[in-house]
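Undergrad: File follows, entry.pdb with PDB, C-alpha atoms:
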```pdb
ATOM      1  CA  MET O   1      95.868 112.997 121.259  1.00  0.00           C
ATOM      2  CA  LYS O   2      94.048 115.381 118.994  1.00  0.00           C
ATOM      3  CA  ARG O   3      92.197 113.913 116.078  1.00  0.00           C
ATOM      4  CA  ALA O   4      94.587 113.649 113.157  1.00  0.00           C
ATOM      5  CA  LEU O   5      93.677 115.877 110.242  1.00  0.00           C
ATOM      6  CA  LEU O   6      93.457 114.337 106.809  1.00  0.00           C
ATOM      7  CA  GLY O   7      95.683 115.576 104.054  1.00  0.00           C
ATOM      8  CA  LEU O   8      94.456 117.984 101.465  1.00  0.00           C
ATOM      9  CA  ILE O   9      94.598 116.959  97.853  1.00  0.00           C
ATOM     10  CA  ILE O  10      95.047 119.467  95.126  1.00  0.00           C
ATOM     11  CA  VAL O  11      94.147 118.590  91.573  1.00  0.00           C
ATOM     12  CA  CYS O  12      95.742 121.001  89.143  1.00  0.00           C
ATOM     13  CA  SER O  13      95.868 121.444  85.408  1.00  0.00           C
ATOM     14  CA  ILE O  14      99.393 122.125  84.236  1.00  0.00           C
ATOM     15  CA  ILE O  15     100.457 122.108  80.610  1.00  0.00           C
ATOM     16  CA  ASN O  16     104.209 122.443  81.182  1.00  0.00           C
ATOM     17  CA  LYS O  17     105.711 119.159  80.021  1.00  0.00           C
ATOM     18  CA  THR O  18     108.931 119.465  82.042  1.00  0.00           C
ATOM     19  CA  PHE O  19     107.221 120.278  85.345  1.00  0.00           C
ATOM     20  CA  GLY O  20     105.959 116.735  85.809  1.00  0.00           C
ATOM     21  CA  GLN O  21     109.366 115.112  85.450  1.00  0.00           C
ATOM     22  CA  ASN O  22     111.461 116.718  88.213  1.00  0.00           C
ATOM     23  CA  LEU O  23     110.395 116.794  91.826  1.00  0.00           C
ATOM     24  CA  GLN O  24     111.009 119.893  93.857  1.00  0.00           C
ATOM     25  CA  GLU O  25     112.575 119.802  97.306  1.00  0.00           C
ATOM     26  CA  GLY O  26     110.284 118.129  99.839  1.00  0.00           C
ATOM     27  CA  GLN O  27     108.143 116.403  97.218  1.00  0.00           C
ATOM     28  CA  LYS O  28     107.790 112.640  97.039  1.00  0.00           C
ATOM     29  CA  ARG O  29     106.216 110.740  94.168  1.00  0.00           C
ATOM     30  CA  TRP O  30     104.048 107.785  95.220  1.00  0.00           C
ATOM     31  CA  SER O  31     106.020 104.545  95.202  1.00  0.00           C
ATOM     32  CA  ALA O  32     105.239 101.061  96.473  1.00  0.00           C
ATOM     33  CA  GLU O  33     108.912 100.629  97.382  1.00  0.00           C
ATOM     34  CA  HIS O  34     109.333 103.912  99.267  1.00  0.00           C
ATOM     35  CA  PRO O  35     106.422 104.571 101.674  1.00  0.00           C
ATOM     36  CA  LEU O  36     106.129 107.726 103.750  1.00  0.00           C
ATOM     37  CA  ALA O  37     108.469 108.170 106.720  1.00  0.00           C
ATOM     38  CA  VAL O  38     108.631 110.710 109.564  1.00  0.00           C
ATOM     39  CA  ASP O  39     111.449 112.574 107.787  1.00  0.00           C
ATOM     40  CA  ASP O  40     109.182 113.226 104.798  1.00  0.00           C
ATOM     41  CA  PHE O  41     107.119 115.610 106.941  1.00  0.00           C
ATOM     42  CA  LYS O  42     109.241 118.755 106.645  1.00  0.00           C
ATOM     43  CA  ILE O  43     107.330 121.253 108.801  1.00  0.00           C
ATOM     44  CA  LYS O  44     108.270 120.973 112.468  1.00  0.00           C
ATOM     45  CA  ILE O  45     105.610 122.215 114.868  1.00  0.00           C
ATOM     46  CA  SER O  46     104.932 122.213 118.563  1.00  0.00           C
ATOM     47  CA  ASP O  47     101.818 124.339 118.684  1.00  0.00           C
ATOM     48  CA  GLU O  48      98.760 123.389 120.731  1.00  0.00           C
ATOM     49  CA  ASN O  49      96.514 125.036 118.137  1.00  0.00           C
ATOM     50  CA  ASN O  50      97.487 122.746 115.257  1.00  0.00           C
ATOM     51  CA  GLU O  51      96.488 119.195 114.490  1.00  0.00           C
ATOM     52  CA  ALA O  52      99.124 116.599 115.338  1.00  0.00           C
ATOM     53  CA  VAL O  53      99.418 115.284 111.788  1.00  0.00           C
ATOM     54  CA  TYR O  54      98.721 116.944 108.470  1.00  0.00           C
ATOM     55  CA  SER O  55      99.491 115.548 105.032  1.00  0.00           C
ATOM     56  CA  GLN O  56      99.070 117.323 101.753  1.00  0.00           C
ATOM     57  CA  PHE O  57      98.982 115.564  98.390  1.00  0.00           C
ATOM     58  CA  MET O  58      98.800 116.825  94.834  1.00  0.00           C
ATOM     59  CA  ILE O  59      97.485 115.041  91.767  1.00  0.00           C
ATOM     60  CA  TYR O  60      98.170 117.000  88.630  1.00  0.00           C
ATOM     61  CA  HIS O  61      98.508 116.526  84.913  1.00  0.00           C
ATOM     62  CA  ALA O  62     100.798 117.868  82.256  1.00  0.00           C
ATOM     63  CA  ILE O  63      98.772 116.845  79.233  1.00  0.00           C
ATOM     64  CA  GLY O  64      99.402 118.725  76.007  1.00  0.00           C
ATOM     65  CA  GLY O  65      97.701 118.842  72.629  1.00  0.00           C
ATOM     66  CA  PHE O  66      99.734 116.076  70.983  1.00  0.00           C
ATOM     67  CA  ASP O  67      99.545 113.639  73.893  1.00  0.00           C
ATOM     68  CA  PHE O  68      96.668 111.833  72.216  1.00  0.00           C
ATOM     69  CA  MET O  69      99.390 110.097  70.162  1.00  0.00           C
ATOM     70  CA  GLN O  70     101.115 108.640  73.275  1.00  0.00           C
ATOM     71  CA  ARG O  71     101.042 104.897  74.066  1.00  0.00           C
ATOM     72  CA  ASN O  72      99.775 105.764  77.532  1.00  0.00           C
ATOM     73  CA  LEU O  73      99.428 108.890  79.659  1.00  0.00           C
ATOM     74  CA  ASN O  74     100.848 107.497  82.898  1.00  0.00           C
ATOM     75  CA  GLN O  75     103.776 109.907  83.132  1.00  0.00           C
ATOM     76  CA  LYS O  76     101.557 112.859  82.312  1.00  0.00           C
ATOM     77  CA  ILE O  77      99.598 112.490  85.563  1.00  0.00           C
ATOM     78  CA  GLU O  78     101.385 112.481  88.925  1.00  0.00           C
ATOM     79  CA  ASN O  79     100.523 111.819  92.569  1.00  0.00           C
ATOM     80  CA  ILE O  80     102.883 113.738  94.856  1.00  0.00           C
ATOM     81  CA  PHE O  81     103.184 114.034  98.636  1.00  0.00           C
ATOM     82  CA  LEU O  82     104.085 117.612  99.575  1.00  0.00           C
ATOM     83  CA  GLY O  83     106.473 117.264 102.495  1.00  0.00           C
ATOM     84  CA  ASN O  84     107.076 121.015 102.738  1.00  0.00           C
ATOM     85  CA  ALA O  85     103.346 121.487 103.380  1.00  0.00           C
ATOM     86  CA  SER O  86     102.946 118.524 105.772  1.00  0.00           C
ATOM     87  CA  TRP O  87     103.802 117.953 109.395  1.00  0.00           C
ATOM     88  CA  ILE O  88     103.771 115.514 112.257  1.00  0.00           C
ATOM     89  CA  ASP O  89     104.152 116.686 115.829  1.00  0.00           C
ATOM     90  CA  THR O  90     105.997 113.791 117.421  1.00  0.00           C
ATOM     91  CA  THR O  91     105.330 115.238 120.879  1.00  0.00           C
ATOM     92  CA  LYS O  92     101.557 114.760 120.430  1.00  0.00           C
ATOM     93  CA  VAL O  93     101.448 111.463 118.566  1.00  0.00           C
ATOM     94  CA  GLY O  94     101.763 108.399 120.784  1.00  0.00           C
ATOM     95  CA  GLU O  95     102.105 105.781 118.053  1.00  0.00           C
ATOM     96  CA  ILE O  96     104.038 107.513 115.303  1.00  0.00           C
ATOM     97  CA  ASP O  97     104.378 104.412 113.115  1.00  0.00           C
ATOM     98  CA  LYS O  98     100.633 103.858 113.230  1.00  0.00           C
ATOM     99  CA  GLN O  99      99.933 107.470 112.286  1.00  0.00           C
ATOM    100  CA  ILE O 100     102.461 107.375 109.424  1.00  0.00           C
ATOM    101  CA  GLU O 101     100.769 104.186 108.234  1.00  0.00           C
ATOM    102  CA  PHE O 102      97.423 106.009 108.207  1.00  0.00           C
ATOM    103  CA  GLN O 103      98.935 108.893 106.226  1.00  0.00           C
ATOM    104  CA  GLN O 104     100.397 106.335 103.780  1.00  0.00           C
ATOM    105  CA  LEU O 105      96.947 104.778 103.399  1.00  0.00           C
ATOM    106  CA  GLN O 106      95.663 108.194 102.347  1.00  0.00           C
ATOM    107  CA  PHE O 107      98.565 108.522  99.896  1.00  0.00           C
ATOM    108  CA  ASP O 108      97.665 105.068  98.529  1.00  0.00           C
ATOM    109  CA  LEU O 109      94.067 106.198  98.149  1.00  0.00           C
ATOM    110  CA  ALA O 110      95.291 109.253  96.218  1.00  0.00           C
ATOM    111  CA  GLU O 111      97.336 106.885  94.025  1.00  0.00           C
ATOM    112  CA  ILE O 112      94.226 104.873  93.195  1.00  0.00           C
ATOM    113  CA  HIS O 113      92.560 108.052  92.012  1.00  0.00           C
ATOM    114  CA  ALA O 114      95.651 109.124  90.063  1.00  0.00           C
ATOM    115  CA  ARG O 115      95.559 105.741  88.297  1.00  0.00           C
ATOM    116  CA  LYS O 116      91.850 106.168  87.580  1.00  0.00           C
ATOM    117  CA  PHE O 117      92.665 109.598  86.142  1.00  0.00           C
ATOM    118  CA  ARG O 118      95.339 108.032  83.898  1.00  0.00           C
ATOM    119  CA  LYS O 119      92.925 105.341  82.744  1.00  0.00           C
ATOM    120  CA  ARG O 120      90.097 107.765  81.971  1.00  0.00           C
ATOM    121  CA  ALA O 121      92.477 110.123  80.179  1.00  0.00           C
ATOM    122  CA  LEU O 122      93.709 107.237  78.016  1.00  0.00           C
ATOM    123  CA  GLU O 123      90.148 106.102  77.300  1.00  0.00           C
ATOM    124  CA  ASN O 124      89.345 109.637  76.142  1.00  0.00           C
ATOM    125  CA  LYS O 125      92.670 110.576  74.553  1.00  0.00           C
ATOM    126  CA  LYS O 126      91.211 111.084  71.065  1.00  0.00           C
ATOM    127  CA  LYS O 127      89.006 113.820  72.500  1.00  0.00           C
ATOM    128  CA  ILE O 128      92.114 115.673  73.778  1.00  0.00           C
ATOM    129  CA  ALA O 129      92.970 116.657  70.201  1.00  0.00           C
ATOM    130  CA  LYS O 130      89.685 118.599  70.106  1.00  0.00           C
ATOM    131  CA  GLY O 131      90.338 120.460  73.352  1.00  0.00           C
ATOM    132  CA  PHE O 132      91.020 120.043  77.048  1.00  0.00           C
ATOM    133  CA  ASP O 133      87.441 120.157  78.315  1.00  0.00           C
ATOM    134  CA  ILE O 134      87.433 116.376  78.720  1.00  0.00           C
ATOM    135  CA  ILE O 135      90.575 116.509  80.884  1.00  0.00           C
ATOM    136  CA  LYS O 136      89.080 119.283  83.002  1.00  0.00           C
ATOM    137  CA  GLN O 137      85.954 117.175  83.521  1.00  0.00           C
ATOM    138  CA  ILE O 138      87.959 114.059  84.444  1.00  0.00           C
ATOM    139  CA  ASN O 139      90.070 116.211  86.777  1.00  0.00           C
ATOM    140  CA  ASN O 140      86.952 117.511  88.560  1.00  0.00           C
ATOM    141  CA  ASP O 141      85.410 114.042  88.785  1.00  0.00           C
ATOM    142  CA  ILE O 142      88.596 112.573  90.275  1.00  0.00           C
ATOM    143  CA  LEU O 143      88.764 115.317  92.910  1.00  0.00           C
ATOM    144  CA  SER O 144      85.157 114.659  93.938  1.00  0.00           C
ATOM    145  CA  GLU O 145      85.636 110.905  94.030  1.00  0.00           C
ATOM    146  CA  PHE O 146      88.819 111.185  96.071  1.00  0.00           C
ATOM    147  CA  SER O 147      87.136 113.502  98.578  1.00  0.00           C
ATOM    148  CA  GLU O 148      84.277 111.029  99.019  1.00  0.00           C
ATOM    149  CA  SER O 149      86.644 108.069  99.421  1.00  0.00           C
ATOM    150  CA  ARG O 150      88.816 109.961 101.896  1.00  0.00           C
ATOM    151  CA  LEU O 151      85.797 110.934 103.982  1.00  0.00           C
ATOM    152  CA  GLU O 152      84.638 107.312 104.000  1.00  0.00           C
ATOM    153  CA  LEU O 153      88.133 106.191 105.081  1.00  0.00           C
ATOM    154  CA  VAL O 154      88.206 108.657 107.966  1.00  0.00           C
ATOM    155  CA  LYS O 155      84.705 107.782 109.151  1.00  0.00           C
ATOM    156  CA  GLU O 156      85.111 104.014 108.949  1.00  0.00           C
ATOM    157  CA  THR O 157      88.565 103.933 110.553  1.00  0.00           C
ATOM    158  CA  GLU O 158      87.770 106.623 113.140  1.00  0.00           C
ATOM    159  CA  SER O 159      90.693 108.698 111.811  1.00  0.00           C
ATOM    160  CA  GLY O 160      92.979 105.688 111.857  1.00  0.00           C
ATOM    161  CA  ARG O 161      92.157 104.452 115.368  1.00  0.00           C
ATOM    162  CA  ASN O 162      90.072 101.407 114.398  1.00  0.00           C
ATOM    163  CA  ASN O 163      92.668  98.715 113.602  1.00  0.00           C
ATOM    164  CA  GLU O 164      90.170  96.240 112.167  1.00  0.00           C
ATOM    165  CA  LYS O 165      88.834  98.800 109.696  1.00  0.00           C
ATOM    166  CA  ILE O 166      92.382  99.933 108.834  1.00  0.00           C
ATOM    167  CA  GLU O 167      93.237  96.360 107.845  1.00  0.00           C
ATOM    168  CA  GLU O 168      90.083  96.168 105.709  1.00  0.00           C
ATOM    169  CA  TRP O 169      90.992  99.419 103.961  1.00  0.00           C
ATOM    170  CA  LYS O 170      94.579  98.281 103.401  1.00  0.00           C
ATOM    171  CA  ALA O 171      93.356  95.074 101.728  1.00  0.00           C
ATOM    172  CA  LYS O 172      90.790  96.957  99.641  1.00  0.00           C
ATOM    173  CA  THR O 173      93.362  99.578  98.604  1.00  0.00           C
ATOM    174  CA  ALA O 174      95.999  96.962  97.707  1.00  0.00           C
ATOM    175  CA  ALA O 175      93.435  95.135  95.532  1.00  0.00           C
ATOM    176  CA  GLU O 176      92.497  98.352  93.696  1.00  0.00           C
ATOM    177  CA  LEU O 177      96.138  99.296  93.140  1.00  0.00           C
ATOM    178  CA  LYS O 178      96.766  95.829  91.701  1.00  0.00           C
ATOM    179  CA  GLU O 179      93.692  96.052  89.472  1.00  0.00           C
ATOM    180  CA  LEU O 180      94.949  99.389  88.110  1.00  0.00           C
ATOM    181  CA  ASN O 181      98.593  98.241  87.886  1.00  0.00           C
ATOM    182  CA  ASP O 182      98.895  99.105  84.165  1.00  0.00           C
ATOM    183  CA  PHE O 183      98.206 102.727  85.110  1.00  0.00           C
ATOM    184  CA  ARG O 184     101.071 103.152  87.594  1.00  0.00           C
ATOM    185  CA  TYR O 185     103.400 106.060  86.858  1.00  0.00           C
ATOM    186  CA  GLU O 186     106.374 103.767  86.116  1.00  0.00           C
ATOM    187  CA  ASN O 187     104.630 101.822  83.320  1.00  0.00           C
ATOM    188  CA  LYS O 188     105.698 103.188  79.929  1.00  0.00           C
ATOM    189  CA  LYS O 189     104.365 100.288  77.850  1.00  0.00           C
ATOM    190  CA  LYS O 190     101.409 100.550  75.524  1.00  0.00           C
ATOM    191  CA  ILE O 191      98.164  99.809  77.365  1.00  0.00           C
ATOM    192  CA  LYS O 192      95.486  97.857  75.586  1.00  0.00           C
ATOM    193  CA  LEU O 193      92.086  98.920  76.859  1.00  0.00           C
ATOM    194  CA  ASP O 194      89.200  96.504  77.232  1.00  0.00           C
ATOM    195  CA  LYS O 195      86.337  97.307  74.918  1.00  0.00           C
TER     196      LYS O 195
END
```
Can you present the structure in this file as structure tokens?
TA:
Amino acid sequence: MKRALLGLIIVCSIINKTFGQNLQEGQKRWSAEHPLAVDDFKIKISDENNEAVYSQFMIYHAIGGFDFMQRNLNQKIENIFLGNASWIDTTKVGEIDKQIEFQQLQFDLAEIHARKFRKRALENKKKIAKGFDIIKQINNDILSEFSESRLELVKETESGRNNEKIEEWKAKTAAELKELNDFRYENKKKIKLDK
């Protein structure tokens, strides 16, 4: 089996408030209840020149000038799996469930960084009224941090082949998601930040 390629993450700045609410065809918002499945990978390939698995994610924000008055910014920052830009070649992958699990772990890692983005945006929301430079900086920092974490995940797990390391990463990821639970997309309640 060819080495599975990691998904690409795109961090975008979008100021259209309605864009973040409706998913387009093939997109899937991160959810603890609805993990990735084979059918979420919309591109069908059988080409020897391509990697067996490819996942693409997008973290983006739709933060506007008056969002500094919001109780939280969770629904202004999304983590989306792009099924129309992702594939799995089931003819090349021996253990499909295991490979989907590895792709989900990457999606979970992206969710951690989306939650960190939400937290940092909330911590700096008063600065948003003065301009979007702070959001651009947080956006860039999150992209860099995610890239480093993803590289570490791939190295340590040998692209998902080292079961012991996968289990370690799953536990670590679950703990971080729990720690950042207030910053999940679904939470609309006011978040009180520690000072």
Undergrad: Kindly compute an axis-aligned box around the listed atoms of segment 119-130 of chain O, allowing 5 Å on each side, and express its centre and edge lengths in Å to one decimal as lines of an AutoDock Vina configuration file.
TA:
```
center_x = 91.4
center_y = 112.0
center_z = 76.4
size_x = 14.7
size_y = 23.3
size_z = 22.6
```
Undergrad: Could you state which residues are captured by the PyMOL selection byres ((chain O and resi 121-123) around 7) in this file, as a PDB file with C-alpha atoms, in the coordinates of the input?
TA:
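Generated output (result.pdb):
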```
ATOM      1  CA  ASN O  72      99.775 105.764  77.532  1.00  0.00           C
ATOM      2  CA  LEU O  73      99.428 108.890  79.659  1.00  0.00           C
ATOM      3  CA  PHE O 117      92.665 109.598  86.142  1.00  0.00           C
ATOM      4  CA  ARG O 118      95.339 108.032  83.898  1.00  0.00           C
ATOM      5  CA  LYS O 119      92.925 105.341  82.744  1.00  0.00           C
ATOM      6  CA  ARG O 120      90.097 107.765  81.971  1.00  0.00           C
ATOM      7  CA  ASN O 124      89.345 109.637  76.142  1.00  0.00           C
ATOM      8  CA  LYS O 125      92.670 110.576  74.553  1.00  0.00           C
ATOM      9  CA  ILE O 135      90.575 116.509  80.884  1.00  0.00           C
TER      10      ILE O 135
END
```
Undergrad: Pick from O:Lys116, O:Ile100, O:Leu105, O:Gly26: nearest to Phe81 of chain O, with only C-alpha atoms counted?
TA: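 Between O:Lys116, O:Ile100, O:Leu105, O:Gly26, the residue approaching Phe81 of chain O most closely is O:Gly26.
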Undergrad: For the PyMOL selection byres ((chain O and resi 179-194) around 7), applied here, can you spell out every residue it catches as a PyMOL selection string?
TA: chain O and resi 71-72+74-75+115+118-119+175-178+195
Undergrad: Using all atoms listed in the file, find the one residue out of O:Ala129, O:Ala171, O:Ile134, O:Leu109 that sits nearest to Leu153 of chain O.
TA: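 Of the candidates, the smallest distance to Leu153 of chain O is held by O:Leu109.
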Undergrad: Would you translate the PyMOL selection byres ((chain O and resi 38-41) around 12) into the concrete set of residues it matches in this file, as JSON, numbers by chain?
TA: {"O": [7, 25, 26, 27, 28, 29, 34, 35, 36, 37, 42, 43, 44, 45, 52, 53, 54, 55, 56, 57, 80, 81, 82, 83, 84, 85, 86, 87, 88, 89, 90, 93, 95, 96, 97, 98, 99, 100, 101, 103, 104]}
Undergrad: Just give me the gap between atom CA of Ile77 of chain O and atom CA of Arg150 of chain O in Å, one decimal is fine.
TA: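 Result for atom CA of Ile77 of chain O versus atom CA of Arg150 of chain O: 19.7 Å, one decimal.
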Undergrad: Suppose you want the space between atom CA of Leu23 of chain O and atom CA of Phe132 of chain O; what is it in Å?
TA: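 Interatomic distance here is 24.6 Å.
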Undergrad: Can you work out the spacing between atom CA of Glu33 of chain O and atom CA of Asp108 of chain O in Å, to one decimal?
TA: 12.1 Å
Undergrad: Identify which of the residues O:Asn162, O:Asn79, O:Gln106, O:Gln137 lies closest to Trp30 of chain O, counting all atoms listed in the file when measuring atom-to-atom distances.
TA: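 Of all the options, O:Asn79 lies closest to Trp30 of chain O.
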Undergrad: I need the residue nearest Asn139 of chain O from this list: O:His61, O:Lys172, O:Lys155, O:Lys92. Use all atoms listed in the file for the distance.
TA: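 Nearest candidate to Asn139 of chain O out of O:His61, O:Lys172, O:Lys155, O:Lys92: O:His61.
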Undergrad: Any chance you could model N, CA, C and O atoms for segment 112-134 of chain O and send them as an mmCIF file, in the frame of the given file?
TA:
```
data_model
loop_
_atom_site.group_PDB
_atom_site.id
_atom_site.type_symbol
_atom_site.label_atom_id
_atom_site.label_comp_id
_atom_site.auth_asym_id
_atom_site.auth_seq_id
_atom_site.Cartn_x
_atom_site.Cartn_y
_atom_site.Cartn_z
ATOM 1 N N ILE O 112 95.324 105.543 93.899
ATOM 2 C CA ILE O 112 94.226 104.873 93.195
ATOM 3 C C ILE O 112 93.526 105.868 92.282
ATOM 4 O O ILE O 112 93.253 105.583 91.112
ATOM 5 N N HIS O 113 93.266 107.056 92.810
ATOM 6 C CA HIS O 113 92.560 108.052 92.012
ATOM 7 C C HIS O 113 93.442 108.621 90.910
ATOM 8 O O HIS O 113 92.949 108.944 89.825
ATOM 9 N N ALA O 114 94.740 108.710 91.131
ATOM 10 C CA ALA O 114 95.651 109.124 90.063
ATOM 11 C C ALA O 114 95.634 108.087 88.935
ATOM 12 O O ALA O 114 95.612 108.435 87.751
ATOM 13 N N ARG O 115 95.607 106.806 89.312
ATOM 14 C CA ARG O 115 95.559 105.741 88.297
ATOM 15 C C ARG O 115 94.232 105.750 87.553
ATOM 16 O O ARG O 115 94.181 105.521 86.337
ATOM 17 N N LYS O 116 93.145 106.045 88.250
ATOM 18 C CA LYS O 116 91.850 106.168 87.580
ATOM 19 C C LYS O 116 91.870 107.344 86.599
ATOM 20 O O LYS O 116 91.298 107.276 85.508
ATOM 21 N N PHE O 117 92.520 108.433 87.004
ATOM 22 C CA PHE O 117 92.665 109.598 86.142
ATOM 23 C C PHE O 117 93.429 109.195 84.875
ATOM 24 O O PHE O 117 93.018 109.507 83.744
ATOM 25 N N ARG O 118 94.543 108.471 85.046
ATOM 26 C CA ARG O 118 95.339 108.032 83.898
ATOM 27 C C ARG O 118 94.518 107.153 82.960
ATOM 28 O O ARG O 118 94.592 107.280 81.741
ATOM 29 N N LYS O 119 93.745 106.251 83.550
ATOM 30 C CA LYS O 119 92.925 105.341 82.744
ATOM 31 C C LYS O 119 91.856 106.115 81.970
ATOM 32 O O LYS O 119 91.685 105.909 80.771
ATOM 33 N N ARG O 120 91.156 106.998 82.642
ATOM 34 C CA ARG O 120 90.097 107.765 81.971
ATOM 35 C C ARG O 120 90.670 108.684 80.897
ATOM 36 O O ARG O 120 90.062 108.873 79.840
ATOM 37 N N ALA O 121 91.835 109.260 81.181
ATOM 38 C CA ALA O 121 92.477 110.123 80.179
ATOM 39 C C ALA O 121 92.835 109.305 78.937
ATOM 40 O O ALA O 121 92.608 109.744 77.801
ATOM 41 N N LEU O 122 93.366 108.101 79.150
ATOM 42 C CA LEU O 122 93.709 107.237 78.016
ATOM 43 C C LEU O 122 92.457 106.830 77.247
ATOM 44 O O LEU O 122 92.451 106.833 76.014
ATOM 45 N N GLU O 123 91.407 106.487 77.958
ATOM 46 C CA GLU O 123 90.148 106.102 77.300
ATOM 47 C C GLU O 123 89.585 107.237 76.448
ATOM 48 O O GLU O 123 88.891 107.001 75.459
ATOM 49 N N ASN O 124 89.890 108.467 76.833
ATOM 50 C CA ASN O 124 89.345 109.637 76.142
ATOM 51 C C ASN O 124 90.404 110.422 75.382
ATOM 52 O O ASN O 124 90.172 111.576 75.015
ATOM 53 N N LYS O 125 91.551 109.811 75.109
ATOM 54 C CA LYS O 125 92.670 110.576 74.553
ATOM 55 C C LYS O 125 92.387 111.156 73.163
ATOM 56 O O LYS O 125 92.921 112.202 72.824
ATOM 57 N N LYS O 126 91.529 110.526 72.384
ATOM 58 C CA LYS O 126 91.211 111.084 71.065
ATOM 59 C C LYS O 126 90.479 112.416 71.193
ATOM 60 O O LYS O 126 90.595 113.284 70.332
ATOM 61 N N LYS O 127 89.739 112.570 72.283
ATOM 62 C CA LYS O 127 89.006 113.820 72.500
ATOM 63 C C LYS O 127 89.942 114.966 72.887
ATOM 64 O O LYS O 127 89.578 116.130 72.755
ATOM 65 N N ILE O 128 91.146 114.642 73.375
ATOM 66 C CA ILE O 128 92.114 115.673 73.778
ATOM 67 C C ILE O 128 92.504 116.531 72.587
ATOM 68 O O ILE O 128 92.715 117.740 72.727
ATOM 69 N N ALA O 129 92.600 115.910 71.414
ATOM 70 C CA ALA O 129 92.970 116.657 70.201
ATOM 71 C C ALA O 129 91.964 117.757 69.887
ATOM 72 O O ALA O 129 92.311 118.750 69.246
ATOM 73 N N LYS O 130 90.738 117.614 70.371
ATOM 74 C CA LYS O 130 89.685 118.599 70.106
ATOM 75 C C LYS O 130 89.596 119.666 71.188
ATOM 76 O O LYS O 130 88.821 120.600 71.064
ATOM 77 N N GLY O 131 90.367 119.482 72.264
ATOM 78 C CA GLY O 131 90.338 120.460 73.352
ATOM 79 C C GLY O 131 90.498 119.777 74.703
ATOM 80 O O GLY O 131 90.413 118.554 74.809
ATOM 81 N N PHE O 132 90.712 120.576 75.720
ATOM 82 C CA PHE O 132 91.020 120.043 77.048
ATOM 83 C C PHE O 132 89.821 119.974 77.985
ATOM 84 O O PHE O 132 89.975 119.671 79.156
ATOM 85 N N ASP O 133 88.627 120.219 77.458
ATOM 86 C CA ASP O 133 87.441 120.157 78.315
ATOM 87 C C ASP O 133 87.266 118.789 78.944
ATOM 88 O O ASP O 133 86.872 118.667 80.098
ATOM 89 N N ILE O 134 87.587 117.733 78.188
ATOM 90 C CA ILE O 134 87.433 116.376 78.720
ATOM 91 C C ILE O 134 88.389 116.149 79.891
ATOM 92 O O ILE O 134 88.025 115.533 80.892
#
```
